[in-house]
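Student: Sharing final-v5.cif below, mmCIF, C-alpha atoms; chains and numbers go by the auth columns:
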```cif
data_model
loop_
_atom_site.group_PDB
_atom_site.id
_atom_site.type_symbol
_atom_site.label_atom_id
_atom_site.label_comp_id
_atom_site.label_asym_id
_atom_site.label_seq_id
_atom_site.Cartn_x
_atom_site.Cartn_y
_atom_site.Cartn_z
_atom_site.B_iso_or_equiv
_atom_site.auth_seq_id
_atom_site.auth_asym_id
ATOM 1 C CA MET A 1 -13.235 16.995 -6.397 0.00 1 A
ATOM 2 C CA MET A 2 -15.286 14.368 -8.204 0.00 2 A
ATOM 3 C CA TRP A 3 -12.521 11.746 -8.131 0.00 3 A
ATOM 4 C CA VAL A 4 -12.337 12.046 -4.337 0.00 4 A
ATOM 5 C CA VAL A 5 -16.105 11.505 -4.065 0.00 5 A
ATOM 6 C CA VAL A 6 -15.923 8.459 -6.340 0.00 6 A
ATOM 7 C CA GLY A 7 -13.052 7.071 -4.288 0.00 7 A
ATOM 8 C CA VAL A 8 -14.945 7.459 -1.029 0.00 8 A
ATOM 9 C CA MET A 9 -18.060 5.822 -2.456 0.00 9 A
ATOM 10 C CA SER A 10 -16.000 2.897 -3.768 0.00 10 A
ATOM 11 C CA ALA A 11 -14.311 2.475 -0.400 0.00 11 A
ATOM 12 C CA VAL A 12 -17.625 2.369 1.448 0.00 12 A
ATOM 13 C CA ALA A 13 -19.005 -0.227 -0.974 0.00 13 A
ATOM 14 C CA ALA A 14 -15.901 -2.392 -0.641 0.00 14 A
ATOM 15 C CA HIS A 15 -16.014 -2.157 3.147 0.00 15 A
ATOM 16 C CA ALA A 16 -19.630 -3.279 3.233 0.00 16 A
ATOM 17 C CA SER A 17 -19.003 -6.394 1.118 0.00 17 A
ATOM 18 C CA THR A 18 -15.936 -7.752 2.924 0.00 18 A
ATOM 19 C CA PRO A 19 -16.336 -10.408 5.636 0.00 19 A
ATOM 20 C CA ASN A 20 -15.058 -9.751 9.141 0.00 20 A
ATOM 21 C CA GLY A 21 -11.471 -10.835 9.600 0.00 21 A
ATOM 22 C CA ASP A 22 -10.024 -12.931 12.409 0.00 22 A
ATOM 23 C CA PRO A 23 -6.423 -11.961 13.272 0.00 23 A
ATOM 24 C CA GLU A 24 -5.706 -15.310 14.924 0.00 24 A
ATOM 25 C CA ALA A 25 -6.883 -17.138 11.810 0.00 25 A
ATOM 26 C CA GLY A 26 -4.774 -14.770 9.715 0.00 26 A
ATOM 27 C CA ALA A 27 -1.698 -15.583 11.785 0.00 27 A
ATOM 28 C CA ARG A 28 -2.180 -19.226 10.818 0.00 28 A
ATOM 29 C CA LYS A 29 -2.604 -18.381 7.141 0.00 29 A
ATOM 30 C CA ASN A 30 0.331 -16.055 6.565 0.00 30 A
ATOM 31 C CA ALA A 31 3.012 -18.638 5.735 0.00 31 A
ATOM 32 C CA LEU A 32 3.172 -17.508 2.102 0.00 32 A
ATOM 33 C CA CYS A 33 3.267 -13.853 3.153 0.00 33 A
ATOM 34 C CA ILE A 34 6.127 -13.859 5.645 0.00 34 A
ATOM 35 C CA GLY A 35 8.534 -15.385 3.108 0.00 35 A
ATOM 36 C CA CYS A 36 8.776 -11.844 1.701 0.00 36 A
ATOM 37 C CA HIS A 37 6.923 -9.489 4.027 0.00 37 A
ATOM 38 C CA GLY A 38 8.378 -11.016 7.182 0.00 38 A
ATOM 39 C CA ILE A 39 12.015 -10.313 6.300 0.00 39 A
ATOM 40 C CA VAL A 40 13.390 -6.839 6.926 0.00 40 A
ATOM 41 C CA GLY A 41 14.758 -5.321 3.728 0.00 41 A
ATOM 42 C CA PHE A 42 13.534 -8.137 1.459 0.00 42 A
ATOM 43 C CA LYS A 43 13.459 -7.141 -2.210 0.00 43 A
ATOM 44 C CA THR A 44 11.435 -8.364 -5.153 0.00 44 A
ATOM 45 C CA GLY A 45 12.539 -8.203 -8.784 0.00 45 A
ATOM 46 C CA PHE A 46 9.302 -7.356 -10.631 0.00 46 A
ATOM 47 C CA PRO A 47 8.959 -5.069 -12.469 0.00 47 A
ATOM 48 C CA GLU A 48 12.272 -3.862 -11.012 0.00 48 A
ATOM 49 C CA VAL A 49 14.236 -4.437 -7.834 0.00 49 A
ATOM 50 C CA TYR A 50 12.665 -2.753 -4.789 0.00 50 A
ATOM 51 C CA ARG A 51 11.876 -3.501 -1.162 0.00 51 A
ATOM 52 C CA VAL A 52 8.481 -5.093 -0.645 0.00 52 A
ATOM 53 C CA PRO A 53 6.025 -2.966 1.370 0.00 53 A
ATOM 54 C CA LYS A 54 5.817 -2.981 5.124 0.00 54 A
ATOM 55 C CA LEU A 55 2.504 -4.620 6.046 0.00 55 A
ATOM 56 C CA HIS A 56 2.485 -4.908 9.836 0.00 56 A
ATOM 57 C CA GLY A 57 0.278 -2.110 11.164 0.00 57 A
ATOM 58 C CA GLN A 58 -1.387 -1.505 7.786 0.00 58 A
ATOM 59 C CA ASN A 59 -5.170 -1.157 7.510 0.00 59 A
ATOM 60 C CA ALA A 60 -6.940 -4.510 7.297 0.00 60 A
ATOM 61 C CA GLN A 61 -9.469 -3.420 4.695 0.00 61 A
ATOM 62 C CA TYR A 62 -6.748 -2.056 2.438 0.00 62 A
ATOM 63 C CA ILE A 63 -4.812 -5.346 2.566 0.00 63 A
ATOM 64 C CA ALA A 64 -7.931 -7.363 1.777 0.00 64 A
ATOM 65 C CA ASN A 65 -8.778 -5.033 -1.108 0.00 65 A
ATOM 66 C CA ALA A 66 -5.232 -5.209 -2.478 0.00 66 A
ATOM 67 C CA LEU A 67 -5.235 -9.008 -2.416 0.00 67 A
ATOM 68 C CA SER A 68 -8.586 -9.019 -4.193 0.00 68 A
ATOM 69 C CA ALA A 69 -7.209 -6.646 -6.839 0.00 69 A
ATOM 70 C CA TYR A 70 -4.249 -8.973 -7.461 0.00 70 A
ATOM 71 C CA LYS A 71 -6.653 -11.903 -7.787 0.00 71 A
ATOM 72 C CA ARG A 72 -8.791 -10.040 -10.334 0.00 72 A
ATOM 73 C CA GLY A 73 -5.764 -8.860 -12.287 0.00 73 A
ATOM 74 C CA GLU A 74 -6.319 -5.208 -11.429 0.00 74 A
ATOM 75 C CA ARG A 75 -2.808 -5.165 -10.002 0.00 75 A
ATOM 76 C CA SER A 76 -0.035 -6.698 -12.092 0.00 76 A
ATOM 77 C CA HIS A 77 2.472 -8.855 -10.218 0.00 77 A
ATOM 78 C CA PRO A 78 2.892 -12.567 -11.134 0.00 78 A
ATOM 79 C CA SER A 79 3.762 -13.965 -7.716 0.00 79 A
ATOM 80 C CA MET A 80 1.193 -11.852 -5.870 0.00 80 A
ATOM 81 C CA ARG A 81 -1.516 -12.869 -8.303 0.00 81 A
ATOM 82 C CA ALA A 82 -0.619 -16.549 -7.908 0.00 82 A
ATOM 83 C CA ILE A 83 -0.872 -16.257 -4.127 0.00 83 A
ATOM 84 C CA ALA A 84 -4.082 -14.224 -4.230 0.00 84 A
ATOM 85 C CA GLU A 85 -5.773 -16.696 -6.563 0.00 85 A
ATOM 86 C CA SER A 86 -5.427 -19.344 -3.848 0.00 86 A
ATOM 87 C CA LEU A 87 -7.226 -17.197 -1.255 0.00 87 A
ATOM 88 C CA THR A 88 -10.906 -16.869 -0.452 0.00 88 A
ATOM 89 C CA GLU A 89 -12.466 -13.562 0.596 0.00 89 A
ATOM 90 C CA GLN A 90 -12.421 -14.822 4.171 0.00 90 A
ATOM 91 C CA ASP A 91 -8.699 -15.643 3.891 0.00 91 A
ATOM 92 C CA MET A 92 -8.016 -12.114 2.668 0.00 92 A
ATOM 93 C CA ALA A 93 -10.039 -10.578 5.490 0.00 93 A
ATOM 94 C CA ASP A 94 -8.224 -12.747 8.046 0.00 94 A
ATOM 95 C CA LEU A 95 -4.793 -11.798 6.679 0.00 95 A
ATOM 96 C CA GLY A 96 -5.747 -8.134 6.729 0.00 96 A
ATOM 97 C CA ALA A 97 -6.903 -8.412 10.346 0.00 97 A
ATOM 98 C CA TYR A 98 -3.654 -10.161 11.286 0.00 98 A
ATOM 99 C CA PHE A 99 -1.363 -7.554 9.734 0.00 99 A
ATOM 100 C CA GLU A 100 -3.372 -4.652 11.162 0.00 100 A
ATOM 101 C CA SER A 101 -3.151 -6.124 14.657 0.00 101 A
ATOM 102 C CA ALA A 102 0.544 -7.078 14.432 0.00 102 A
ATOM 103 C CA VAL A 103 2.111 -3.747 15.316 0.00 103 A
ATOM 104 C CA SER A 104 5.670 -3.006 16.277 0.00 104 A
ATOM 105 C CA ASP A 105 6.672 -2.076 19.827 0.00 105 A
ATOM 106 C CA ALA A 106 9.346 0.256 18.460 0.00 106 A
ATOM 107 C CA PRO A 107 8.517 3.980 18.543 0.00 107 A
ATOM 108 C CA PRO A 108 7.891 5.657 15.172 0.00 108 A
ATOM 109 C CA ARG A 109 11.021 6.791 13.403 0.00 109 A
ATOM 110 C CA PRO A 110 11.605 10.498 13.904 0.00 110 A
ATOM 111 C CA ARG A 111 11.134 12.826 10.974 0.00 111 A
ATOM 112 C CA ARG A 112 14.064 13.824 8.888 0.00 112 A
ATOM 113 C CA SER A 113 15.110 17.419 9.427 0.00 113 A
ATOM 114 C CA SER A 114 12.609 19.841 7.893 0.00 114 A
ATOM 115 C CA PRO A 115 10.553 17.335 5.838 0.00 115 A
ATOM 116 C CA ASP A 116 8.068 20.107 5.049 0.00 116 A
ATOM 117 C CA ALA A 117 10.813 21.727 2.983 0.00 117 A
ATOM 118 C CA MET A 118 11.206 18.630 0.799 0.00 118 A
ATOM 119 C CA PRO A 119 9.976 18.989 -2.811 0.00 119 A
ATOM 120 C CA GLY A 120 7.427 16.217 -2.306 0.00 120 A
ATOM 121 C CA LYS A 121 5.502 18.231 0.321 0.00 121 A
ATOM 122 C CA SER A 122 4.167 20.746 -2.187 0.00 122 A
ATOM 123 C CA LEU A 123 3.421 17.954 -4.654 0.00 123 A
ATOM 124 C CA VAL A 124 1.217 15.940 -2.247 0.00 124 A
ATOM 125 C CA ASP A 125 -0.575 19.183 -1.397 0.00 125 A
ATOM 126 C CA ARG A 126 -1.131 19.796 -5.100 0.00 126 A
ATOM 127 C CA GLY A 127 -2.368 16.240 -5.628 0.00 127 A
ATOM 128 C CA GLY A 128 -4.820 16.433 -2.738 0.00 128 A
ATOM 129 C CA CYS A 129 -3.403 13.223 -1.269 0.00 129 A
ATOM 130 C CA GLN A 130 -4.494 14.154 2.260 0.00 130 A
ATOM 131 C CA ALA A 131 -8.151 13.973 1.232 0.00 131 A
ATOM 132 C CA CYS A 132 -7.965 10.170 1.310 0.00 132 A
ATOM 133 C CA HIS A 133 -4.792 9.333 3.218 0.00 133 A
ATOM 134 C CA GLY A 134 -5.126 11.833 6.067 0.00 134 A
ATOM 135 C CA ALA A 135 -3.197 14.964 6.941 0.00 135 A
ATOM 136 C CA ASN A 136 -0.347 13.043 8.553 0.00 136 A
ATOM 137 C CA PHE A 137 -0.628 9.992 6.245 0.00 137 A
ATOM 138 C CA THR A 138 -1.085 7.693 9.243 0.00 138 A
ATOM 139 C CA LYS A 139 -4.884 7.882 9.641 0.00 139 A
ATOM 140 C CA PRO A 140 -6.619 7.582 6.255 0.00 140 A
ATOM 141 C CA LEU A 141 -10.164 8.797 5.767 0.00 141 A
ATOM 142 C CA ASP A 142 -11.328 5.187 5.391 0.00 142 A
ATOM 143 C CA GLY A 143 -9.778 1.818 6.211 0.00 143 A
ATOM 144 C CA SER A 144 -9.726 0.886 2.532 0.00 144 A
ATOM 145 C CA TYR A 145 -6.990 3.474 1.964 0.00 145 A
ATOM 146 C CA PRO A 146 -3.409 2.636 3.023 0.00 146 A
ATOM 147 C CA LYS A 147 -1.269 4.331 5.601 0.00 147 A
ATOM 148 C CA LEU A 148 1.689 5.825 3.755 0.00 148 A
ATOM 149 C CA ALA A 149 3.916 7.500 6.352 0.00 149 A
ATOM 150 C CA GLY A 150 7.202 5.664 6.778 0.00 150 A
ATOM 151 C CA GLN A 151 6.553 3.146 4.002 0.00 151 A
ATOM 152 C CA ASN A 152 9.583 1.988 1.979 0.00 152 A
ATOM 153 C CA ARG A 153 10.397 4.777 -0.468 0.00 153 A
ATOM 154 C CA ASP A 154 11.350 2.468 -3.345 0.00 154 A
ATOM 155 C CA TYR A 155 8.060 0.565 -3.026 0.00 155 A
ATOM 156 C CA LEU A 156 6.087 3.805 -2.947 0.00 156 A
ATOM 157 C CA TYR A 157 7.795 5.000 -6.128 0.00 157 A
ATOM 158 C CA VAL A 158 7.124 1.738 -7.985 0.00 158 A
ATOM 159 C CA ALA A 159 3.487 1.735 -6.808 0.00 159 A
ATOM 160 C CA LEU A 160 2.911 5.337 -7.909 0.00 160 A
ATOM 161 C CA ARG A 161 4.378 4.600 -11.339 0.00 161 A
ATOM 162 C CA ALA A 162 2.224 1.469 -11.592 0.00 162 A
ATOM 163 C CA TYR A 163 -0.916 3.540 -11.063 0.00 163 A
ATOM 164 C CA LYS A 164 0.290 5.994 -13.690 0.00 164 A
ATOM 165 C CA ALA A 165 0.943 3.120 -16.117 0.00 165 A
ATOM 166 C CA GLY A 166 -2.517 1.730 -15.377 0.00 166 A
ATOM 167 C CA GLY A 167 -3.975 4.402 -17.608 0.00 167 A
ATOM 168 C CA ASN A 168 -2.045 3.005 -20.584 0.00 168 A
ATOM 169 C CA PRO A 169 -3.609 -0.250 -21.897 0.00 169 A
ATOM 170 C CA ARG A 170 -0.287 -1.364 -23.398 0.00 170 A
ATOM 171 C CA LYS A 171 1.480 -1.059 -20.061 0.00 171 A
ATOM 172 C CA GLN A 172 -1.290 -2.042 -17.674 0.00 172 A
ATOM 173 C CA GLN A 173 -1.081 -5.760 -18.399 0.00 173 A
ATOM 174 C CA TRP A 174 2.534 -5.889 -17.274 0.00 174 A
ATOM 175 C CA ILE A 175 3.129 -3.212 -14.674 0.00 175 A
ATOM 176 C CA GLY A 176 -0.087 -1.265 -14.141 0.00 176 A
ATOM 177 C CA ARG A 177 -2.700 -0.905 -11.437 0.00 177 A
ATOM 178 C CA THR A 178 -6.236 -0.094 -12.480 0.00 178 A
ATOM 179 C CA ASN A 179 -7.569 2.443 -9.997 0.00 179 A
ATOM 180 C CA PRO A 180 -9.218 5.526 -11.551 0.00 180 A
ATOM 181 C CA VAL A 181 -8.634 7.718 -8.499 0.00 181 A
ATOM 182 C CA MET A 182 -4.918 6.968 -8.318 0.00 182 A
ATOM 183 C CA GLN A 183 -4.536 7.098 -12.089 0.00 183 A
ATOM 184 C CA ALA A 184 -5.990 10.605 -12.095 0.00 184 A
ATOM 185 C CA MET A 185 -3.678 11.694 -9.285 0.00 185 A
ATOM 186 C CA THR A 186 -0.441 10.211 -10.673 0.00 186 A
ATOM 187 C CA SER A 187 -1.037 11.203 -14.298 0.00 187 A
ATOM 188 C CA GLN A 188 -0.392 14.863 -13.489 0.00 188 A
ATOM 189 C CA PHE A 189 3.153 14.174 -12.302 0.00 189 A
ATOM 190 C CA SER A 190 6.423 13.247 -13.987 0.00 190 A
ATOM 191 C CA ASP A 191 8.370 10.221 -12.778 0.00 191 A
ATOM 192 C CA GLU A 192 10.829 12.596 -11.124 0.00 192 A
ATOM 193 C CA GLN A 193 7.982 14.227 -9.199 0.00 193 A
ATOM 194 C CA LEU A 194 6.583 10.826 -8.197 0.00 194 A
ATOM 195 C CA GLN A 195 10.022 9.998 -6.779 0.00 195 A
ATOM 196 C CA ALA A 196 9.926 13.219 -4.770 0.00 196 A
ATOM 197 C CA ILE A 197 6.485 12.283 -3.417 0.00 197 A
ATOM 198 C CA ALA A 198 7.748 8.826 -2.443 0.00 198 A
ATOM 199 C CA ASP A 199 10.779 10.339 -0.704 0.00 199 A
ATOM 200 C CA TYR A 200 8.599 12.731 1.273 0.00 200 A
ATOM 201 C CA LEU A 201 6.075 10.110 2.402 0.00 201 A
ATOM 202 C CA ALA A 202 8.826 7.701 3.403 0.00 202 A
ATOM 203 C CA SER A 203 10.457 10.402 5.543 0.00 203 A
ATOM 204 C CA LEU A 204 7.361 10.868 7.715 0.00 204 A
ATOM 205 C CA PRO A 205 7.012 9.105 11.083 0.00 205 A
ATOM 206 C CA GLY A 206 4.584 6.206 11.005 0.00 206 A
ATOM 207 C CA SER A 207 3.620 2.902 12.582 0.00 207 A
ATOM 208 C CA LEU A 208 4.209 0.629 9.579 0.00 208 A
ATOM 209 C CA ALA A 209 6.804 -2.065 10.181 0.00 209 A
ATOM 210 C CA THR A 210 8.179 -5.395 9.052 0.00 210 A
ATOM 211 C CA LEU A 211 8.088 -7.774 11.995 0.00 211 A
ATOM 212 C CA GLN A 212 10.682 -10.468 11.467 0.00 212 A
ATOM 213 C CA ARG A 213 10.273 -13.800 13.201 0.00 213 A
ATOM 214 C CA SER A 214 13.212 -15.051 15.237 0.00 214 A
ATOM 215 C CA GLY A 215 15.413 -17.277 13.112 0.00 215 A
ATOM 216 C CA LEU A 216 14.938 -15.168 9.955 0.00 216 A
ATOM 217 C CA HIS A 217 17.930 -13.018 9.164 0.00 217 A
#
```
Would you mind writing the file out in structure tokens?
Tutor:
Amino acid sequence: MMWVVVGVMSAVAAHASTPNGDPEAGARKNALCIGCHGIVGFKTGFPEVYRVPKLHGQNAQYIANALSAYKRGERSHPSMRAIAESLTEQDMADLGAYFESAVSDAPPRPRRSSPDAMPGKSLVDRGGCQACHGANFTKPLDGSYPKLAGQNRDYLYVALRAYKAGGNPRKQQWIGRTNPVMQAMTSQFSDEQLQAIADYLASLPGSLATLQRSGLH
């Protein structure tokens, strides 16, 4: 499909323009990140209450790209934009390298019983999600795409709806994400179907985690 080709070309271009990240430098720069992403079960309240995404084990390039999108206003979230505006491209690359390298020692959560029978399975097949995010949603085609397996289901649902809203200029300023590939994918589904997709992806075993520092409870 043309939107898949465009997405791949955009990912390659973004990868080529991003500086190399240093995970040790990122570990020294993540103080503003761990206040939310370093607490298991932490929830944000914009645009609704949901658990923030698990970042430890996520692809470095994706994290750097996401931070850049918040900085440019292509993703709408007041606190994330404020943080991103204070970061240089090197800072973003370093933070991405840190989170990618900071993986959990815990084994992946086992699948729920018969996840392939969940309604979301047929919907991700219909949307062609595997073309970018990989057949098992743990090894995307390119590092600029996120791992999705095992991500918090409420975050996934809010993110999918944000991409869908990104195609509406009246909504984009407040809750949208401007990504033509994801807008094309999400626009074909109802909110109920997007919830089913989020439920399915969250049920899959994956390596994403929230690593909580000792002393944070």
Student: Can you spell out as a PyMOL selection string the set of residues that the PyMOL selection byres ((chain A and resi 129-144) around 6) selects in the structure I just provided?
Tutor: chain A and resi 11+59+61-62+124+127-128+145+147-149
Student: A:Glu192, A:Asp199, A:Glu100, A:Asp94: which is nearest Asn20 (chain A), counting all atoms listed in the file?
Tutor: A:Asp94
Student: Hey, which of A:Ala102, A:Lys121, A:Ile197, A:Ala209 ends up closest to Gly41 (chain A)? Count only C-alpha atoms.
Tutor: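 Between A:Ala102, A:Lys121, A:Ile197, A:Ala209, the residue approaching Gly41 (chain A) most closely is A:Ala209.
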Student: Identify the residues around (-5.9, -4.8, -1.3) within a radius of 10 Å, measuring from only C-alpha atoms in the coordinates stated by the file, and give them as a PyMOL selection string.
Tutor: chain A and resi 59-71+75+92-93+96+144-146
Student: Mind giving me the straight-line distance from CA of Asn179 (chain A) to CA of Arg161 (chain A) in Å, one decimal?
Tutor: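 About the pair CA of Asn179 (chain A) and CA of Arg161 (chain A): they are 12.2 Å apart.
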Student: Determine the residue membership of the PyMOL selection byres ((chain A and resi 118-120) around 6) for the file above and supply it as a PyMOL selection string.
Tutor: chain A and resi 115-117+121-123+196-197+200
Student: Which residue gives the smallest distance to His77 (chain A) among A:Ala184, A:Leu32, A:Ala162, A:Ala97, with only C-alpha atoms counted?
Tutor: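 Selected residue with least distance to His77 (chain A): A:Ala162.
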